[in-house]
$ cat target-v3.txt   # compact mmCIF, C-alpha atoms
# COMPACT_ATOMS: atom_id res chain seq x y z
CA MET A 1 -40.61 5.73 49.01
CA SER A 2 -39.41 2.81 46.94
CA ARG A 3 -41.60 -0.24 46.63
CA LYS A 4 -40.34 -3.68 47.51
CA VAL A 5 -39.29 -5.88 44.62
CA PHE A 6 -40.38 -9.01 46.45
CA ASP A 7 -43.30 -8.79 48.85
CA PHE A 8 -44.70 -12.08 50.08
CA GLU A 9 -46.75 -10.59 52.90
CA ASP A 10 -50.16 -11.00 51.24
CA THR A 11 -49.16 -13.73 48.83
CA GLN A 12 -51.40 -16.56 47.76
CA LEU A 13 -48.42 -18.87 47.52
CA ARG A 14 -48.44 -21.92 49.72
CA ARG A 15 -45.68 -22.67 52.22
CA ASP A 16 -44.27 -25.49 50.07
CA GLN A 17 -44.06 -23.08 47.12
CA LEU A 18 -42.24 -20.48 49.24
CA VAL A 19 -39.85 -23.19 50.44
CA SER A 20 -39.11 -24.10 46.80
CA ILE A 21 -38.54 -20.44 45.92
CA LEU A 22 -36.10 -20.19 48.82
CA ALA A 23 -34.21 -23.27 47.60
CA TYR A 24 -34.01 -21.89 44.04
CA ALA A 25 -32.94 -18.45 45.31
CA LYS A 26 -30.10 -20.06 47.28
CA ALA A 27 -29.09 -22.17 44.28
CA PHE A 28 -29.10 -19.06 42.05
CA GLN A 29 -27.00 -17.20 44.63
CA ASP A 30 -24.45 -20.05 44.76
CA ARG A 31 -24.34 -20.28 40.96
CA ALA A 32 -23.94 -16.50 40.66
CA LYS A 33 -20.97 -16.67 43.05
CA GLN A 34 -19.39 -19.38 40.88
CA LEU A 35 -19.94 -17.23 37.77
CA GLU A 36 -18.51 -14.16 39.49
CA LYS A 37 -15.43 -16.09 40.66
CA ALA A 38 -14.80 -17.49 37.17
CA VAL A 39 -15.14 -14.06 35.53
CA ARG A 40 -12.85 -12.48 38.13
CA GLU A 41 -10.23 -15.17 37.40
CA ALA A 42 -10.61 -14.62 33.65
CA LEU A 43 -10.16 -10.84 34.02
CA ASP A 44 -7.45 -10.86 36.69
CA ASN A 45 -4.43 -10.90 34.36
CA ASP A 46 -6.03 -8.60 31.79
CA VAL A 47 -6.73 -5.68 34.12
CA GLU A 48 -3.89 -3.54 35.42
CA PRO A 49 -3.87 -2.29 39.03
CA GLY A 50 -5.52 1.13 39.17
CA GLU A 51 -7.27 0.61 35.81
CA GLU A 52 -10.97 1.54 35.66
CA LEU A 53 -13.44 -0.23 33.40
CA ASN A 54 -17.13 0.51 32.88
CA ALA A 55 -19.69 -2.28 32.73
CA VAL A 56 -22.16 -1.07 30.11
CA ALA A 57 -25.64 -2.37 29.30
CA GLY A 58 -26.74 -2.86 25.69
CA ASP A 59 -28.35 0.59 25.68
CA GLY A 60 -25.11 2.25 26.81
CA THR A 61 -26.09 2.72 30.46
CA VAL A 62 -23.11 2.39 32.80
CA LEU A 63 -24.09 -0.28 35.32
CA ALA A 64 -20.90 -0.35 37.35
CA THR A 65 -17.28 0.71 37.42
CA ILE A 66 -14.70 -2.04 37.87
CA THR A 67 -11.28 -1.17 39.25
CA LYS A 68 -8.36 -3.33 40.20
CA THR A 69 -6.77 -2.54 43.52
CA LYS A 70 -3.03 -2.22 43.72
CA GLY A 71 -2.76 -4.91 46.39
CA GLY A 72 -0.85 -4.68 49.61
CA SER A 73 2.84 -4.08 49.93
CA SER A 74 3.20 -5.30 53.48
CA THR A 75 5.42 -8.35 53.61
CA GLY A 76 7.68 -9.75 56.29
CA TYR A 77 6.77 -11.56 59.47
CA ALA A 78 4.20 -11.07 62.19
CA VAL A 79 3.87 -12.64 65.61
CA LYS A 80 0.57 -14.50 65.82
CA ASP A 81 1.11 -16.33 69.14
CA PRO A 82 3.25 -14.14 71.42
CA GLN A 83 3.35 -16.73 74.22
CA ALA A 84 4.66 -19.53 72.02
CA TYR A 85 7.20 -17.16 70.52
CA ALA A 86 8.30 -15.93 73.96
CA LEU A 87 8.78 -19.48 75.19
CA TRP A 88 10.93 -20.21 72.16
CA LEU A 89 12.96 -17.02 72.72
CA SER A 90 13.56 -17.84 76.38
CA THR A 91 14.73 -21.40 75.61
CA HIS A 92 17.06 -20.21 72.83
CA ARG A 93 19.21 -17.87 74.95
CA ARG A 94 17.13 -14.80 74.10
CA LYS A 95 15.49 -14.27 77.48
CA ALA A 96 16.41 -10.56 77.29
CA ALA A 97 14.02 -10.28 74.34
CA THR A 98 11.11 -11.38 76.55
CA VAL A 99 9.23 -9.86 79.44
CA SER A 100 8.55 -11.72 82.68
CA VAL A 101 5.30 -13.42 81.65
CA PRO A 102 7.24 -14.64 79.40
CA MET A 103 6.15 -12.58 76.45
CA PRO A 104 8.31 -11.26 73.63
CA SER A 105 9.30 -7.65 74.04
CA ASP A 106 7.96 -5.11 71.58
CA ALA A 107 11.37 -5.04 69.95
CA ALA A 108 11.37 -8.85 69.54
CA MET A 109 7.95 -8.67 67.83
CA ALA A 110 9.17 -6.21 65.20
CA ALA A 111 9.44 -7.63 61.68
CA GLN A 112 13.11 -6.64 61.39
CA TYR A 113 14.00 -8.44 64.62
CA ILE A 114 12.35 -11.62 63.35
CA GLU A 115 14.06 -11.21 59.97
CA ASP A 116 17.46 -10.96 61.71
CA LEU A 117 16.58 -13.92 63.94
CA LEU A 118 15.74 -16.08 60.93
CA GLY A 119 19.12 -15.20 59.44
CA GLU A 120 20.84 -16.42 62.60
CA THR A 121 18.80 -19.65 62.90
CA GLY A 122 19.03 -20.74 59.30
CA GLY A 123 15.50 -19.66 58.47
CA GLU A 124 13.72 -21.73 61.15
CA LEU A 125 10.44 -19.99 61.92
CA PRO A 126 9.87 -19.97 65.69
CA PRO A 127 6.53 -21.25 67.02
CA GLY A 128 3.95 -18.49 67.12
CA VAL A 129 5.43 -16.61 64.17
CA GLU A 130 4.14 -16.83 60.62
CA ALA A 131 5.17 -15.31 57.32
CA ARG A 132 2.97 -12.42 56.25
CA ARG A 133 2.14 -12.05 52.60
CA SER A 134 0.94 -8.96 50.83
CA ALA A 135 -2.68 -8.76 49.84
CA PRO A 136 -3.23 -9.65 46.19
CA ALA A 137 -4.70 -7.12 43.82
CA THR A 138 -8.42 -7.63 43.43
CA LEU A 139 -11.25 -6.38 41.26
CA ARG A 140 -13.72 -4.04 42.96
CA VAL A 141 -17.21 -3.43 41.60
CA PHE A 142 -19.00 -0.15 42.30
CA GLN A 143 -22.59 -0.45 41.11
CA ASP A 144 -24.80 2.41 40.04
CA ARG A 145 -27.96 1.61 42.04
CA LYS A 146 -30.33 3.40 39.64
CA ALA A 147 -28.85 1.68 36.60
CA ILE A 148 -28.97 -1.71 38.33
CA ALA A 149 -32.64 -1.14 39.27
CA GLY A 150 -33.44 -0.73 35.56
CA LEU A 151 -31.28 -3.69 34.57
CA TRP A 152 -34.01 -6.25 35.19
CA GLN A 153 -36.03 -5.05 32.18
CA SER A 154 -33.01 -5.27 29.89
CA PRO A 155 -32.59 -8.07 27.32
CA ASP A 156 -28.99 -8.28 28.58
CA ALA A 157 -30.24 -9.47 31.97
CA HIS A 158 -31.99 -12.41 30.33
CA ARG A 159 -28.87 -13.30 28.33
CA TYR A 160 -26.61 -13.24 31.40
CA ALA A 161 -29.17 -15.12 33.52
CA GLN A 162 -29.22 -17.77 30.78
CA MET A 163 -25.41 -17.91 30.96
CA MET A 164 -25.59 -18.38 34.72
CA ILE A 165 -28.07 -21.26 34.32
CA GLU A 166 -26.48 -23.02 31.35
CA GLY A 167 -22.82 -22.11 31.80
CA VAL A 168 -20.51 -20.61 29.20
CA ARG A 169 -19.81 -22.32 25.90
CA ASP A 170 -17.12 -21.63 23.33
CA GLY A 171 -17.85 -18.53 21.29
CA GLN A 172 -19.97 -16.74 23.91

$ encode --input "target-v3.txt" --output "structure tokens"
Amino acid sequence: MSRKVFDFEDTQLRRDQLVSILAYAKAFQDRAKQLEKAVREALDNDVEPGEELNAVAGDGTVLATITKTKGGSSTGYAVKDPQAYALWLSTHRRKAATVSVPMPSDAAMAAQYIEDLLGETGGELPPGVEARRSAPATLRVFQDRKAIAGLWQSPDAHRYAQMMIEGVRDGQ
């Protein structure tokens, strides 16, 4: 059975001290998210989709594996508001492409149908239809739980915590 890292059950800390700890923990969490976002942006163009990188501690322990996803390939159009789209279809001499509710037929909701429709209407996107974009490639982090558990005794942890608190300066 693993022991808790933080156990405040029998603490001698006062409520105001616990409240301060909570505020600092939230601030650290927000700052860590900012740091993570900045590092992801810095790495984004340098890592190829499908590439795997190891995050290694000073002692050589692999902390995590970083991979870049390939991103989505699904582009085209998708119907987000079928009723608005059906109303548009029925008022633009396309009632046959709707069902009696009026709702667009399955065929009228297909990406190719919408693509053809846009060609006929000069690219005007009907109400209820939006352009779909492929998902961007992203960095995924798979942490080694045992290695991360030992991370907190590492001098590297102190250095990176300092970076999170003070920010990054030239030459770091």

$ residues_around --input "target-v3.txt" --residues "range 128-133 of chain A" --least-positions-apart "2" --cutoff "6 Å" --atoms "only C-alpha atoms" --output "list in words"
Thr75, Gly76, Tyr77, Ala78, Val79, Lys80, Asp81, Ala84, Tyr85 and Pro126 of chain A

$ closest_residue --input "target-v3.txt" --among "A:Thr67, A:Tyr160, A:Val168, A:Gln83" --to "Asn54 in chain A" --atoms "only C-alpha atoms"
A:Thr67

$ residues_around --input "target-v3.txt" --residues "range 86-89 of chain A" --least-positions-apart "2" --cutoff "9 Å" --atoms "only C-alpha atoms" --output "PDB file with C-alpha atoms, in the coordinates of the input"
ATOM      1  CA  ASP A  81       1.110 -16.330  69.140  1.00  0.00           C
ATOM      2  CA  PRO A  82       3.250 -14.140  71.420  1.00  0.00           C
ATOM      3  CA  GLN A  83       3.350 -16.730  74.220  1.00  0.00           C
ATOM      4  CA  ALA A  84       4.660 -19.530  72.020  1.00  0.00           C
ATOM      5  CA  THR A  91      14.730 -21.400  75.610  1.00  0.00           C
ATOM      6  CA  HIS A  92      17.060 -20.210  72.830  1.00  0.00           C
ATOM      7  CA  ARG A  93      19.210 -17.870  74.950  1.00  0.00           C
ATOM      8  CA  ARG A  94      17.130 -14.800  74.100  1.00  0.00           C
ATOM      9  CA  LYS A  95      15.490 -14.270  77.480  1.00  0.00           C
ATOM     10  CA  ALA A  96      16.410 -10.560  77.290  1.00  0.00           C
ATOM     11  CA  ALA A  97      14.020 -10.280  74.340  1.00  0.00           C
ATOM     12  CA  THR A  98      11.110 -11.380  76.550  1.00  0.00           C
ATOM     13  CA  VAL A  99       9.230  -9.860  79.440  1.00  0.00           C
ATOM     14  CA  VAL A 101       5.300 -13.420  81.650  1.00  0.00           C
ATOM     15  CA  PRO A 102       7.240 -14.640  79.400  1.00  0.00           C
ATOM     16  CA  MET A 103       6.150 -12.580  76.450  1.00  0.00           C
ATOM     17  CA  PRO A 104       8.310 -11.260  73.630  1.00  0.00           C
ATOM     18  CA  SER A 105       9.300  -7.650  74.040  1.00  0.00           C
ATOM     19  CA  ALA A 108      11.370  -8.850  69.540  1.00  0.00           C
ATOM     20  CA  PRO A 126       9.870 -19.970  65.690  1.00  0.00           C
ATOM     21  CA  PRO A 127       6.530 -21.250  67.020  1.00  0.00           C
ATOM     22  CA  GLY A 128       3.950 -18.490  67.120  1.00  0.00           C
TER      23      GLY A 128
END

$ atom_distance --input "target-v3.txt" --atom1 "CA of Met164 in chain A" --atom2 "CA of Ala137 in chain A"
25.4 Å

$ residues_around --input "target-v3.txt" --residues "range 25-33 of chain A" --least-positions-apart "3" --cutoff "10 Å" --atoms "only C-alpha atoms" --output "mmCIF file with C-alpha atoms, keeping the file's coordinate frame"
data_model
loop_
_atom_site.group_PDB
_atom_site.id
_atom_site.type_symbol
_atom_site.label_atom_id
_atom_site.label_comp_id
_atom_site.auth_asym_id
_atom_site.auth_seq_id
_atom_site.Cartn_x
_atom_site.Cartn_y
_atom_site.Cartn_z
ATOM 1 C CA VAL A 19 -39.850 -23.190 50.440
ATOM 2 C CA SER A 20 -39.110 -24.100 46.800
ATOM 3 C CA ILE A 21 -38.540 -20.440 45.920
ATOM 4 C CA LEU A 22 -36.100 -20.190 48.820
ATOM 5 C CA GLU A 36 -18.510 -14.160 39.490
ATOM 6 C CA LYS A 37 -15.430 -16.090 40.660
ATOM 7 C CA ALA A 38 -14.800 -17.490 37.170
ATOM 8 C CA VAL A 39 -15.140 -14.060 35.530
ATOM 9 C CA ALA A 161 -29.170 -15.120 33.520
ATOM 10 C CA MET A 163 -25.410 -17.910 30.960
ATOM 11 C CA MET A 164 -25.590 -18.380 34.720
ATOM 12 C CA ILE A 165 -28.070 -21.260 34.320
ATOM 13 C CA GLY A 167 -22.820 -22.110 31.800
#

$ atom_distance --input "target-v3.txt" --atom1 "CA of Ala147 in chain A" --atom2 "CA of Ala64 in chain A"
8.2 Å

$ atom_distance --input "target-v3.txt" --atom1 "CA of Ala135 in chain A" --atom2 "CA of Ile66 in chain A"
18.2 Å

$ residues_around --input "target-v3.txt" --residues "Leu53 in chain A" --least-positions-apart "4" --cutoff "12 Å" --atoms "only C-alpha atoms" --output "ChimeraX atom specification"
/A:43,46-49,62-68,139-143

$ axis_aligned_box --input "target-v3.txt" --around "range 86-91 of chain A" --padding-each-side "6 Å" --output "JSON"
{"center_x": 11.5, "center_y": -18.7, "center_z": 74.3, "size_x": 18.4, "size_y": 17.5, "size_z": 16.2}

$ closest_residue --input "target-v3.txt" --among "A:Thr61, A:Ser90, A:Ser74, A:Ser134" --to "Ala111 in chain A" --atoms "all atoms listed in the file"
A:Ser74

$ closest_residue --input "target-v3.txt" --among "A:Phe8, A:Thr138, A:Arg15, A:Ile114" --to "Gly50 in chain A" --atoms "all atoms listed in the file"
A:Thr138
